[in-house]
>>> print(open('start35.cif').read())   # mmCIF, C-alpha atoms
data_start
#
loop_
_atom_site.label_atom_id
_atom_site.label_comp_id
_atom_site.auth_asym_id
_atom_site.auth_seq_id
_atom_site.Cartn_x
_atom_site.Cartn_y
_atom_site.Cartn_z
CA LEU A 1 21.96 3.13 43.99
CA GLU A 2 22.91 0.19 46.17
CA SER A 3 26.14 1.82 47.40
CA ILE A 4 24.30 4.81 48.89
CA TYR A 5 20.82 3.39 49.51
CA ARG A 6 19.85 3.50 53.20
CA THR A 7 16.37 2.61 54.42
CA GLY A 8 14.58 4.42 57.23
CA GLN A 9 13.11 7.80 58.02
CA ILE A 10 14.84 10.99 56.99
CA GLY A 11 14.02 14.51 58.05
CA VAL A 12 12.62 15.78 61.31
CA LYS A 13 12.21 12.95 63.82
CA GLY A 14 8.61 12.36 64.79
CA HIS A 15 7.37 14.33 61.80
CA LEU A 16 4.46 12.80 59.93
CA ILE A 17 5.59 10.87 56.88
CA GLY A 18 4.63 13.00 53.90
CA THR A 19 6.23 10.82 51.27
CA SER A 20 8.04 7.55 50.78
CA ILE A 21 10.63 6.59 48.20
CA CYS A 22 11.82 3.24 46.95
CA GLU A 23 13.94 2.08 44.07
CA ARG A 24 12.21 -0.31 41.67
CA ARG A 25 14.91 -2.79 40.76
CA ASP A 26 14.80 -5.61 38.21
CA ARG A 27 12.55 -3.79 35.74
CA LYS A 28 12.64 -4.76 32.07
CA LEU A 29 12.44 -1.73 29.77
CA VAL A 30 12.23 -2.19 26.01
CA GLN A 31 12.22 0.52 23.35
CA ILE A 32 10.37 -0.23 20.12
CA SER A 33 11.05 2.07 17.16
CA GLY A 34 9.81 2.07 13.61
CA TRP A 35 9.07 4.17 10.55
CA GLN A 36 6.13 6.44 9.83
CA ASP A 37 4.69 4.35 6.98
CA SER A 38 4.61 1.08 8.92
CA PHE A 39 4.60 1.90 12.62
CA GLU A 40 0.84 1.66 13.09
CA SER A 41 0.88 -1.92 11.79
CA VAL A 42 3.64 -2.67 14.31
CA CYS A 43 1.40 -1.21 17.03
CA VAL A 44 -1.45 -3.53 15.98
CA LYS A 45 0.85 -6.56 16.35
CA LEU A 46 2.15 -5.28 19.68
CA ALA A 47 -1.37 -4.71 20.99
CA ALA A 48 -2.20 -8.34 20.20
CA VAL A 49 0.89 -9.61 22.07
CA LEU A 50 0.36 -7.35 25.10
CA LYS A 51 -3.44 -7.63 25.03
CA SER A 52 -3.62 -3.87 25.49
CA GLU A 53 -4.28 -0.72 23.54
CA ILE A 54 -1.23 1.20 22.42
CA PRO A 55 -1.12 4.90 23.42
CA ASN A 56 -1.84 7.38 20.63
CA ASP A 57 -0.25 10.45 22.19
CA LEU A 58 2.83 11.53 24.11
CA ARG A 59 0.94 12.13 27.36
CA GLN A 60 -1.27 9.14 28.24
CA ALA A 61 0.33 5.81 29.16
CA LYS A 62 -1.49 2.49 29.07
CA SER A 63 -0.98 0.43 32.23
CA PHE A 64 -2.19 -3.00 33.24
CA ASP A 65 -0.97 -5.53 35.77
CA ASP A 66 2.64 -4.43 36.37
CA ARG A 67 3.23 -3.32 32.78
CA SER A 68 3.11 0.16 31.20
CA ILE A 69 3.40 1.43 27.64
CA PHE A 70 4.56 4.96 26.83
CA ARG A 71 4.62 6.62 23.41
CA VAL A 72 7.81 8.64 23.88
CA GLY A 73 8.01 9.74 20.24
CA PRO A 74 5.82 9.60 17.13
CA GLU A 75 7.27 6.23 16.12
CA ARG A 76 8.81 5.18 19.42
CA LEU A 77 7.39 3.28 22.39
CA TRP A 78 8.70 2.23 25.78
CA VAL A 79 7.29 -0.96 27.27
CA VAL A 80 8.19 -1.62 30.90
CA GLY A 81 7.37 -4.53 33.18
CA ALA A 82 8.73 -6.96 35.72
CA SER A 83 11.90 -8.73 34.68
CA ASN A 84 10.15 -12.08 35.16
CA ASP A 85 7.15 -11.10 33.00
CA LYS A 86 6.86 -13.81 30.33
CA ILE A 87 5.07 -11.54 27.87
CA MET A 88 7.89 -8.98 28.10
CA HIS A 89 10.28 -11.73 27.04
CA GLN A 90 8.10 -12.54 24.01
CA LEU A 91 8.75 -9.12 22.51
CA ASP A 92 11.25 -9.37 19.71
CA SER A 93 11.74 -7.97 16.24
CA VAL A 94 10.87 -11.31 14.61
CA LEU A 95 7.43 -11.21 16.19
CA LEU A 96 6.84 -7.53 15.40
CA GLY A 97 8.29 -7.58 11.89
CA ASP A 98 11.51 -6.58 10.17
CA GLU A 99 10.56 -2.90 10.02
CA THR A 100 10.95 -2.62 13.78
CA THR A 101 13.96 -1.89 15.93
CA LEU A 102 13.66 -3.36 19.41
CA THR A 103 16.25 -2.38 22.03
CA GLU A 104 16.53 -3.42 25.67
CA ILE A 105 17.29 -0.18 27.54
CA GLY A 106 16.57 -1.20 31.15
CA HIS A 107 20.27 -0.98 31.98
CA SER A 108 20.20 2.73 31.12
CA ARG A 109 17.47 3.81 33.56
CA THR A 110 16.95 3.83 37.31
CA VAL A 111 13.30 3.69 38.35
CA LEU A 112 12.13 5.29 41.60
CA ARG A 113 8.65 5.15 43.13
CA ILE A 114 7.49 8.17 45.14
CA SER A 115 4.24 7.92 47.08
CA GLY A 116 2.35 9.68 49.83
CA PRO A 117 0.31 12.86 50.26
CA GLU A 118 3.28 15.19 49.71
CA SER A 119 4.63 13.43 46.60
CA ASP A 120 3.51 16.15 44.24
CA THR A 121 4.97 18.82 46.54
CA LEU A 122 8.27 16.97 46.55
CA LEU A 123 8.43 16.64 42.77
CA ASN A 124 7.36 20.24 42.21
CA ARG A 125 10.44 21.41 44.08
CA GLY A 126 12.23 20.73 40.82
CA LEU A 127 9.66 19.73 38.19
CA PRO A 128 8.01 22.64 36.29
CA ILE A 129 4.78 20.70 35.63
CA ASP A 130 1.37 21.06 37.31
CA LEU A 131 0.76 17.69 38.99
CA ASP A 132 -2.75 18.47 40.22
CA SER A 133 -5.02 15.49 39.54
CA LYS A 134 -7.35 17.63 37.42
CA VAL A 135 -4.62 18.27 34.84
CA PHE A 136 -2.29 15.34 35.56
CA PRO A 137 -4.61 12.38 36.24
CA VAL A 138 -3.68 8.72 36.72
CA ASN A 139 -1.69 7.27 33.80
CA THR A 140 -0.52 10.66 32.61
CA PHE A 141 3.21 10.93 32.01
CA VAL A 142 5.58 13.70 31.04
CA GLN A 143 9.14 13.88 29.78
CA SER A 144 10.75 16.88 31.43
CA ALA A 145 13.73 17.85 33.57
CA ILE A 146 14.47 18.29 37.25
CA HIS A 147 17.54 20.43 37.91
CA HIS A 148 18.70 19.90 34.31
CA MET A 149 18.35 16.11 34.63
CA SER A 150 15.98 14.51 32.11
CA VAL A 151 13.20 12.48 33.69
CA LEU A 152 10.06 10.66 32.71
CA VAL A 153 7.38 11.06 35.41
CA HIS A 154 4.38 8.70 35.38
CA ARG A 155 1.41 9.00 37.73
CA ILE A 156 0.00 5.60 38.63
CA ASP A 157 -2.93 4.34 40.70
CA ILE A 158 -2.30 1.64 43.26
CA THR A 159 -3.88 2.54 46.57
CA LYS A 160 -5.83 5.71 45.70
CA GLU A 161 -2.94 7.79 47.00
CA LEU A 162 -0.46 9.88 45.09
CA VAL A 163 2.06 7.56 43.45
CA PHE A 164 4.62 8.47 40.79
CA ASP A 165 7.25 6.39 39.03
CA ILE A 166 10.32 8.37 37.95
CA TYR A 167 12.67 7.17 35.20
CA ILE A 168 16.12 8.77 35.35
CA SER A 169 19.26 8.08 33.35
CA ARG A 170 21.42 5.70 35.36
CA GLU A 171 24.50 7.88 34.94
CA LEU A 172 22.65 10.67 36.80
CA ALA A 173 20.93 8.45 39.38
CA ILE A 174 23.19 9.25 42.34
CA THR A 175 23.02 12.99 41.70
CA PHE A 176 19.24 12.78 41.36
CA TRP A 177 18.98 10.67 44.53
CA GLU A 178 20.95 13.23 46.50
CA TRP A 179 18.64 16.03 45.29
CA LEU A 180 15.51 13.95 45.92
CA THR A 181 16.32 12.89 49.47
CA GLU A 182 17.46 16.39 50.44
CA ALA A 183 14.23 17.87 49.05
CA ALA A 184 12.14 15.18 50.77
CA ALA A 185 13.62 15.52 54.27
CA PRO A 186 11.58 18.61 55.36
CA LEU A 187 8.37 16.83 54.31
CA GLY A 188 9.05 13.76 56.43
CA CYS A 189 10.19 10.87 54.28
CA GLU A 190 10.64 7.13 54.57
CA ILE A 191 13.14 5.35 52.37
CA LYS A 192 11.67 1.89 51.83
CA GLN A 193 13.31 -1.39 50.94
CA PRO A 194 13.93 -1.64 47.19
CA ASP A 195 11.02 -3.13 45.28
CA ARG A 196 12.28 -6.17 43.40
CA SER A 197 9.87 -7.26 40.72
CA ALA A 198 11.59 -10.55 40.01
#
>>> encode(input="start35.cif", output="structure tokens")
Amino acid sequence: LESIYRTGQIGVKGHLIGTSICERRDRKLVQISGWQDSFESVCVKLAAVLKSEIPNDLRQAKSFDDRSIFRVGPERLWVVGASNDKIMHQLDSVLLGDETTLTEIGHSRTVLRISGPESDTLLNRGLPIDLDSKVFPVNTFVQSAIHHMSVLVHRIDITKELVFDIYISRELAITFWEWLTEAAAPLGCEIKQPDRSA
């Protein structure tokens, strides 16, 4: 998004800031796939490397430090973290076994962080999912679509405010950004400096 990314407030001047948006650059995203008969043993090995439980369902992520694990399919995981995370660099098919396919897919996704009291309002202008904390608590994620663009939306807990990370295909990132900033303007929005994890 660098060619169109402009920091500062958008929307009505003097309006309270209802939401803020920043791009999370330099994220490492790895997809780990396997087969039904052996995938749980792969998950045991992965849990030992990451020192974390592996999610059992397609709704609850496991997050710790600046790392998250999503089960995006029955035998498919996404593991995301900072590009300078040493443990992320230890993930390879040799470590996890020869019945695993490990693919770096960070180049295929743009990650945006949306925070602030109107974040759920902003997302619900295009996302057909109830984001109320009673049904979509911290560490819940969903794979859905916003204006026919596939997204993964993950609710995280940083400062006890509403915070969501959005994963969007990089080829659709500019179109999504244009929709997002236009939808955010009436709520009062601040575009923050990109968050570089490295």
>>> residues_around(input="start35.cif", residues="Lys51 in chain A", least_positions_apart="4", cutoff="12 Å", atoms="only C-alpha atoms", output="list in words")
Cys43, Val44, Lys45, Leu46, Ala47, Lys62, Ser63, Phe64, Asp65, Arg67, Ser68, Ile69, Ile87 and Met88 of chain A
>>> atom_distance(input="start35.cif", atom1="CA of Gln90 in chain A", atom2="CA of Gly34 in chain A")
18.0 Å
>>> resolve_selection(input="start35.cif", expression="the PyMOL selection byres ((chain A and resi 167) around 8)", output="list in words")
Arg109, Thr110, Val111, Leu112, Val151, Leu152, Val153, Asp165, Ile166, Ile168 and Ser169 of chain A
>>> closest_residue(input="start35.cif", among="A:Val49, A:Ala61, A:Leu180, A:Val72", to="Arg113 in chain A", atoms="only C-alpha atoms")
A:Leu180
>>> closest_residue(input="start35.cif", among="A:Val42, A:Val163, A:Ala82, A:Cys22", to="Leu131 in chain A", atoms="all atoms listed in the file")
A:Val163
>>> closest_residue(input="start35.cif", among="A:Ser20, A:Ser41, A:Ser52, A:Thr7", to="Leu122 in chain A", atoms="only C-alpha atoms")
A:Ser20
>>> closest_residue(input="start35.cif", among="A:Ile191, A:Val135, A:Val80, A:Leu162", to="Glu23 in chain A", atoms="all atoms listed in the file")
A:Ile191
>>> closest_residue(input="start35.cif", among="A:Gly106, A:Pro137, A:Gly188, A:Pro194", to="Arg59 in chain A", atoms="only C-alpha atoms")
A:Pro137
>>> closest_residue(input="start35.cif", among="A:Asp66, A:Cys189, A:Ile174, A:Glu104", to="Ile158 in chain A", atoms="all atoms listed in the file")
A:Asp66
>>> residues_around(input="start35.cif", residues="Gly18 in chain A", least_positions_apart="3", cutoff="9 Å", atoms="only C-alpha atoms", output="PyMOL selection string")
chain A and resi 15+115-119+184+187-190
>>> resolve_selection(input="start35.cif", expression="the PyMOL selection byres ((chain A and resi 101) around 12)", output="number ranges by chain")
A: 30-35, 39, 42, 75-78, 91-100, 102-104
>>> atom_distance(input="start35.cif", atom1="CA of Ile4 in chain A", atom2="CA of Ile156 in chain A")
26.4 Å
>>> atom_distance(input="start35.cif", atom1="CA of Gln143 in chain A", atom2="CA of Glu171 in chain A")
17.3 Å
>>> resolve_selection(input="start35.cif", expression="the PyMOL selection byres ((chain A and resi 127) around 8)", output="number ranges by chain")
A: 123-126, 128-129, 144-147
>>> residues_around(input="start35.cif", residues="His89 in chain A", least_positions_apart="4", cutoff="10 Å", atoms="all atoms listed in the file", output="number ranges by chain")
A: 28, 30, 81, 83-85
>>> axis_aligned_box(input="start35.cif", around="range 96-100 of chain A", padding_each_side="8 Å", output="lines of an AutoDock Vina configuration file")
center_x = 9.2
center_y = -5.1
center_z = 12.7
size_x = 20.7
size_y = 21.0
size_z = 21.4
